[in-house]
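run-v5.txt follows; it contains compact mmCIF, C-alpha atoms.
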# COMPACT_ATOMS: atom_id res chain seq x y z
CA GLY A 1 -20.91 -32.94 -23.44
CA GLY A 2 -18.53 -30.44 -25.13
CA GLY A 3 -16.98 -29.57 -21.76
CA GLY A 4 -16.11 -33.21 -21.15
CA GLY A 5 -14.32 -33.33 -24.50
CA GLY A 6 -12.26 -30.31 -23.46
CA GLY A 7 -11.23 -32.12 -20.28
CA GLY A 8 -10.02 -35.07 -22.34
CA GLY A 9 -7.85 -32.73 -24.38
CA GLY A 10 -6.31 -31.38 -21.19
CA GLY A 11 -5.44 -34.91 -20.09
CA ALA A 12 -3.72 -35.66 -23.38
CA GLY A 13 -1.78 -32.41 -23.10
CA GLY A 14 -0.60 -33.39 -19.63
CA GLY A 15 0.58 -36.78 -20.87
CA GLY A 16 2.39 -35.12 -23.75
CA GLY A 17 4.16 -32.85 -21.29
CA GLY A 18 5.71 -35.84 -19.50
CA GLY A 19 6.63 -37.38 -22.83
CA GLY A 20 8.33 -34.19 -24.03
CA LYS A 21 10.42 -34.07 -20.87
CA ILE A 22 11.52 -37.71 -21.40
CA GLU A 23 12.36 -37.08 -25.06
CA LYS A 24 14.36 -33.94 -24.24
CA ARG A 25 16.34 -35.78 -21.60
CA ALA A 26 16.96 -38.75 -23.92
CA THR A 27 18.17 -36.44 -26.70
CA TRP A 28 20.46 -34.62 -24.30
CA ILE A 29 21.97 -37.90 -22.98
CA SER A 30 22.36 -39.23 -26.55
CA ASP A 31 24.17 -36.08 -27.69
CA LYS A 32 26.40 -35.84 -24.65
CA HIS A 33 27.25 -39.49 -23.94
CA PHE A 34 26.18 -41.65 -26.90
CA PRO A 35 26.58 -39.66 -30.13
CA ALA A 36 27.51 -42.87 -32.01
CA SER A 37 24.53 -44.92 -30.74
CA PRO A 38 21.72 -42.56 -29.70
CA ILE A 39 18.69 -43.81 -27.73
CA ASP A 40 16.16 -45.21 -30.23
CA ALA A 41 12.40 -44.63 -30.53
CA GLU A 42 11.53 -47.99 -29.03
CA ALA A 43 13.55 -47.34 -25.87
CA LEU A 44 11.87 -43.92 -25.68
CA ALA A 45 8.44 -45.53 -25.97
CA ALA A 46 9.35 -47.88 -23.12
CA MET A 47 10.42 -44.90 -20.99
CA ASN A 48 7.18 -43.05 -21.81
CA GLY A 49 5.27 -46.16 -20.76
CA MET A 50 6.97 -46.12 -17.36
CA GLY A 51 6.16 -42.48 -16.72
CA ALA A 52 8.50 -39.53 -16.22
CA PRO A 53 9.62 -40.08 -12.58
CA LYS A 54 10.77 -43.68 -13.18
CA ALA A 55 12.24 -42.82 -16.59
CA MET A 56 14.25 -39.93 -15.11
CA GLU A 57 15.61 -42.27 -12.45
CA LEU A 58 16.79 -44.69 -15.16
CA PHE A 59 18.29 -41.88 -17.24
CA LYS A 60 20.27 -40.78 -14.20
CA GLU A 61 21.56 -44.33 -13.70
CA LEU A 62 22.39 -44.60 -17.41
CA GLU A 63 24.39 -41.36 -17.21
CA GLU A 64 26.38 -42.69 -14.25
CA LYS A 65 27.16 -45.86 -16.21
CA ALA A 66 27.80 -44.04 -19.51
CA GLY A 67 31.42 -45.19 -19.52
CA THR A 68 30.50 -48.89 -19.43
CA VAL A 69 27.23 -49.02 -21.41
CA ARG A 70 27.77 -49.52 -25.16
CA ASN A 71 24.14 -49.76 -26.19
CA PRO A 72 22.00 -47.24 -24.26
CA SER A 73 18.75 -48.25 -26.02
CA GLY A 74 19.32 -51.90 -25.16
CA TRP A 75 20.21 -51.01 -21.58
CA LEU A 76 17.01 -48.97 -21.15
CA LYS A 77 14.86 -51.67 -22.76
CA SER A 78 16.40 -54.28 -20.49
CA ALA A 79 15.66 -52.07 -17.46
CA ALA A 80 12.07 -51.55 -18.69
CA ALA A 81 11.63 -55.32 -19.14
CA ARG A 82 12.93 -55.92 -15.59
CA GLU A 83 10.36 -53.45 -14.26
CA GLY A 84 7.64 -55.24 -16.25
CA PHE A 85 7.25 -52.57 -18.94
CA ALA A 86 8.27 -54.60 -22.01
CA PRO A 87 5.66 -54.65 -24.80
CA PRO A 88 3.65 -57.93 -24.93
CA GLY A 89 5.46 -59.24 -28.01
CA GLY A 90 8.88 -58.16 -26.70
CA PHE A 91 11.01 -55.49 -28.34
CA ALA A 92 11.72 -55.55 -32.06
CA PRO A 93 15.33 -56.10 -33.15
CA PRO A 94 17.30 -52.85 -33.41
CA ALA A 95 17.23 -51.08 -36.75
CA GLY A 96 20.14 -50.32 -39.04
CA GLY A 97 23.66 -51.64 -38.60
CA GLN A 98 22.89 -53.39 -35.32
CA ALA A 99 20.07 -55.40 -36.87
CA LYS A 100 22.34 -56.48 -39.69
CA GLY A 101 24.95 -57.68 -37.21
CA ALA A 102 22.33 -59.48 -35.14
CA ALA A 103 20.84 -61.14 -38.22
CA LYS A 104 24.29 -62.25 -39.33
CA GLY A 105 24.99 -63.71 -35.88
CA ALA A 106 21.63 -65.48 -35.81
CA ALA A 107 22.15 -66.90 -39.30
CA LYS A 108 25.56 -68.21 -38.29
CA GLY A 109 24.17 -69.76 -35.11
CA THR A 110 21.26 -71.35 -36.96
CA ALA A 111 23.49 -72.79 -39.68
CA LYS A 112 25.73 -74.30 -37.02
CA GLY A 113 22.76 -75.64 -35.06
CA GLY A 114 21.27 -77.43 -38.07
CA GLY A 115 17.74 -78.77 -37.50
CA LYS A 116 14.51 -76.82 -37.14
CA GLY A 117 14.45 -77.14 -33.33
CA ALA A 118 17.99 -75.76 -33.10
CA GLY A 119 17.01 -72.69 -35.13
CA LYS A 120 14.08 -72.05 -32.84
CA ILE A 121 16.30 -72.34 -29.74
CA GLN A 122 18.86 -69.99 -31.29
CA ARG A 123 16.16 -67.45 -32.17
CA LYS A 124 14.78 -67.48 -28.63
CA ALA A 125 18.31 -67.17 -27.16
CA ASP A 126 18.99 -64.23 -29.53
CA TRP A 127 15.75 -62.58 -28.44
CA LEU A 128 16.68 -62.98 -24.75
CA ASN A 129 20.16 -61.55 -25.44
CA LYS A 130 18.72 -58.53 -27.25
CA ASN A 131 15.97 -57.75 -24.76
CA ILE A 132 16.82 -59.12 -21.33
CA PHE A 133 20.43 -60.28 -20.93
CA ILE A 134 22.01 -57.37 -22.80
CA GLU A 135 24.96 -57.00 -20.44
CA THR A 136 25.52 -60.79 -19.97
CA PRO A 137 24.31 -62.51 -23.16
CA ILE A 138 23.82 -66.29 -23.40
CA ASP A 139 26.99 -67.71 -24.99
CA GLY A 140 27.33 -70.19 -27.86
CA GLU A 141 28.40 -72.95 -25.49
CA ALA A 142 25.12 -72.76 -23.56
CA THR A 143 23.05 -72.73 -26.79
CA SER A 144 24.98 -75.74 -28.11
CA ALA A 145 24.45 -77.56 -24.81
CA MET A 146 20.71 -76.98 -25.13
CA GLU A 147 20.65 -78.57 -28.55
CA ALA A 148 21.40 -81.88 -26.78
CA LEU A 149 17.82 -81.67 -25.40
CA ASP A 150 14.67 -82.02 -27.46
CA ALA A 151 13.32 -78.66 -28.65
CA PRO A 152 10.28 -78.51 -26.27
CA SER A 153 12.50 -79.11 -23.20
CA ALA A 154 15.04 -76.54 -24.38
CA MET A 155 12.30 -73.96 -25.01
CA GLU A 156 10.87 -74.72 -21.56
CA LEU A 157 14.30 -73.97 -20.05
CA LEU A 158 14.51 -70.66 -21.90
CA LYS A 159 11.02 -69.79 -20.71
CA ASP A 160 12.04 -70.52 -17.09
CA LEU A 161 15.13 -68.40 -17.57
CA GLU A 162 13.04 -65.50 -18.89
CA GLY A 163 10.73 -65.78 -15.85
CA LYS A 164 13.68 -65.60 -13.45
CA ALA A 165 15.53 -62.89 -15.41
CA GLY A 166 15.65 -60.57 -12.40
CA GLU A 167 17.50 -63.10 -10.18
CA ILE A 168 19.89 -64.67 -12.70
CA LYS A 169 23.18 -62.89 -13.24
CA ASN A 170 24.79 -65.58 -15.42
CA PRO A 171 22.22 -66.99 -17.88
CA SER A 172 24.80 -69.16 -19.70
CA GLY A 173 25.90 -70.88 -16.48
CA TYR A 174 22.26 -71.34 -15.45
CA LEU A 175 21.39 -73.01 -18.78
CA ARG A 176 24.45 -75.26 -18.82
CA ALA A 177 23.67 -76.48 -15.29
CA ALA A 178 19.99 -77.00 -16.19
CA VAL A 179 20.92 -79.04 -19.30
CA LYS A 180 23.27 -81.17 -17.22
CA ARG A 181 20.48 -81.77 -14.69
CA ALA A 182 17.96 -82.59 -17.41
CA LEU A 183 20.30 -85.07 -19.11
CA ALA A 184 21.15 -86.70 -15.78
CA GLY A 185 17.46 -86.88 -14.94
CA THR A 186 16.62 -88.73 -18.17
CA GLY A 187 19.33 -91.27 -17.43
CA GLY A 188 21.60 -89.70 -20.01
CA GLY A 189 24.11 -89.01 -17.27
CA GLY A 190 24.23 -92.65 -16.16
CA GLY A 191 22.91 -94.16 -12.93
CA LYS A 192 25.19 -92.11 -10.72
CA GLY A 193 24.18 -88.72 -12.16
CA ALA A 194 20.47 -89.05 -11.50
CA PRO A 195 20.35 -88.95 -7.68
CA ALA A 196 22.71 -85.96 -7.65
CA ALA A 197 20.44 -84.17 -10.09
CA GLN A 198 17.44 -84.92 -7.88
CA ARG A 199 19.27 -83.62 -4.83
CA GLN A 200 20.08 -80.40 -6.68
CA ARG A 201 16.50 -80.02 -7.74
CA VAL A 202 15.27 -80.26 -4.15
CA ALA A 203 17.88 -77.74 -2.99

Mind turning this structure into structure tokens?
Amino acid sequence: GGGGGGGGGGGAGGGGGGGGKIEKRATWISDKHFPASPIDAEALAAMNGMGAPKAMELFKELEEKAGTVRNPSGWLKSAAAREGFAPPGGFAPPAGGQAKGAAKGAAKGTAKGGGKGAGKIQRKADWLNKNIFIETPIDGEATSAMEALDAPSAMELLKDLEGKAGEIKNPSGYLRAAVKRALAGTGGGGGKGAPAAQRQRVA
């Protein structure tokens, strides 16, 4: 029995070895390329979850894009989510100054949106921007357009968008088009709009 326990310890040590390598690399990249916004613990955890080979590949890509990436933690978390390594509840909002900015933005959006449904839509859009569409966030125009729909339909759209995150390069455009289709489909777009919307849906 004792021998088996020893084996378990060895396994944990091996895992730790991979983790140490990932942490060292992340620290090095943070110091060299992102001293003002180092890679955070959550992004590190996501990289550890992917395993060293995949994480090293992403670090290499991040280094190549260092000139264009402003938020390395967000970039890594977005990459992890694309590969299916996001935690079940999604990533928490970033800590410190970024969180304050995000909260301020969300508060502003919610105040503008008014009703309870609008706040929920805004929160979901903010979550998608923070975790999935970091490089191409959903803009205010698309969120406002969604408030023309009832909350369940709008949330359904955001859910669809999240499911297709890998294929969609312009989430705002996708949402605006989907809202237009939905409104046309309910007759909101007048008699003429509906057949066109149906045709688009088939295509």

Give as a ChimeraX atom specification each residue that has an atom at most 7 Å from (21.1, -54.8, -24.6) in the file, counting only C-alpha atoms.
-> /A:71,74-75,78,129-135

Report the centre and edge lengths, in Å to one decimal, of an axis-aligned box enclosing every atom of segment 35-46 of chain A listed in the file, padded by 5 Å on each side, as JSON.
{"center_x": 18.0, "center_y": -43.8, "center_z": -27.6, "size_x": 29.1, "size_y": 18.3, "size_z": 18.9}

Residue neighbourhood Asp139 of chain A, 12 Å, only C-alpha atoms, exclusion window fewer than 6 positions, as a PyMOL selection string | chain A and resi 105+109+122+125-126+128-129+133+145-146+170-176

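Interatomic distance, atom CA of Gly84 of chain A to atom CA of Ala182 of chain A: 29.3 Å.
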
Between A:Glu156, A:Glu162, A:Asp31, A:Asp40, which one has atoms that come closest to Ala66 of chain A, using all atoms listed in the file?
-> A:Asp31

Residues at most 9 Å from Ala26 of chain A, counting only C-alpha atoms, excluding those fewer than 5 positions away in the same chain, as a PyMOL selection string?
-> chain A and resi 21+31+38-39+44+59

If you keep C-alpha atoms, can you produce a file of those selected residues as a short mmCIF file (atom, residue, chain, number, x, y, z; two decimals), keeping the file's coordinate frame?
data_model
loop_
_atom_site.label_atom_id
_atom_site.label_comp_id
_atom_site.auth_asym_id
_atom_site.auth_seq_id
_atom_site.Cartn_x
_atom_site.Cartn_y
_atom_site.Cartn_z
CA LYS A 21 10.42 -34.07 -20.87
CA ASP A 31 24.17 -36.08 -27.69
CA PRO A 38 21.72 -42.56 -29.70
CA ILE A 39 18.69 -43.81 -27.73
CA LEU A 44 11.87 -43.92 -25.68
CA PHE A 59 18.29 -41.88 -17.24
#

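If you look at atom CA of Gly163 of chain A and atom CA of Lys180 of chain A, they are 19.9 Å away from each other.
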
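The space separating atom CA of Leu149 of chain A from atom CA of Ala118 of chain A comes to 9.7 Å.
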
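Of the listed residues (A:Glu167, A:Asp160, A:Asp150, A:Glu42), A:Glu42 comes nearest to Ala86 of chain A; the distances count all atoms listed in the file.
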
Counting only C-alpha atoms, the residue among A:Lys120, A:Lys77, A:Lys24, A:Lys164 that lies closest to Met56 of chain A is A:Lys24

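Proximity to Met47 of chain A was assessed for A:Gly20, A:Gly67, A:Gly166, A:Pro35 counting all atoms listed in the file; the smallest distance is recorded for A:Gly20.
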
Find the residues around Ala55 of chain A up to 12 Å (only C-alpha atoms counted), leave out those fewer than 3 positions away in its own chain, and share them as a PyMOL selection string.
-> chain A and resi 18-19+21-26+43-52+58-62+76-77+79-80+83+85
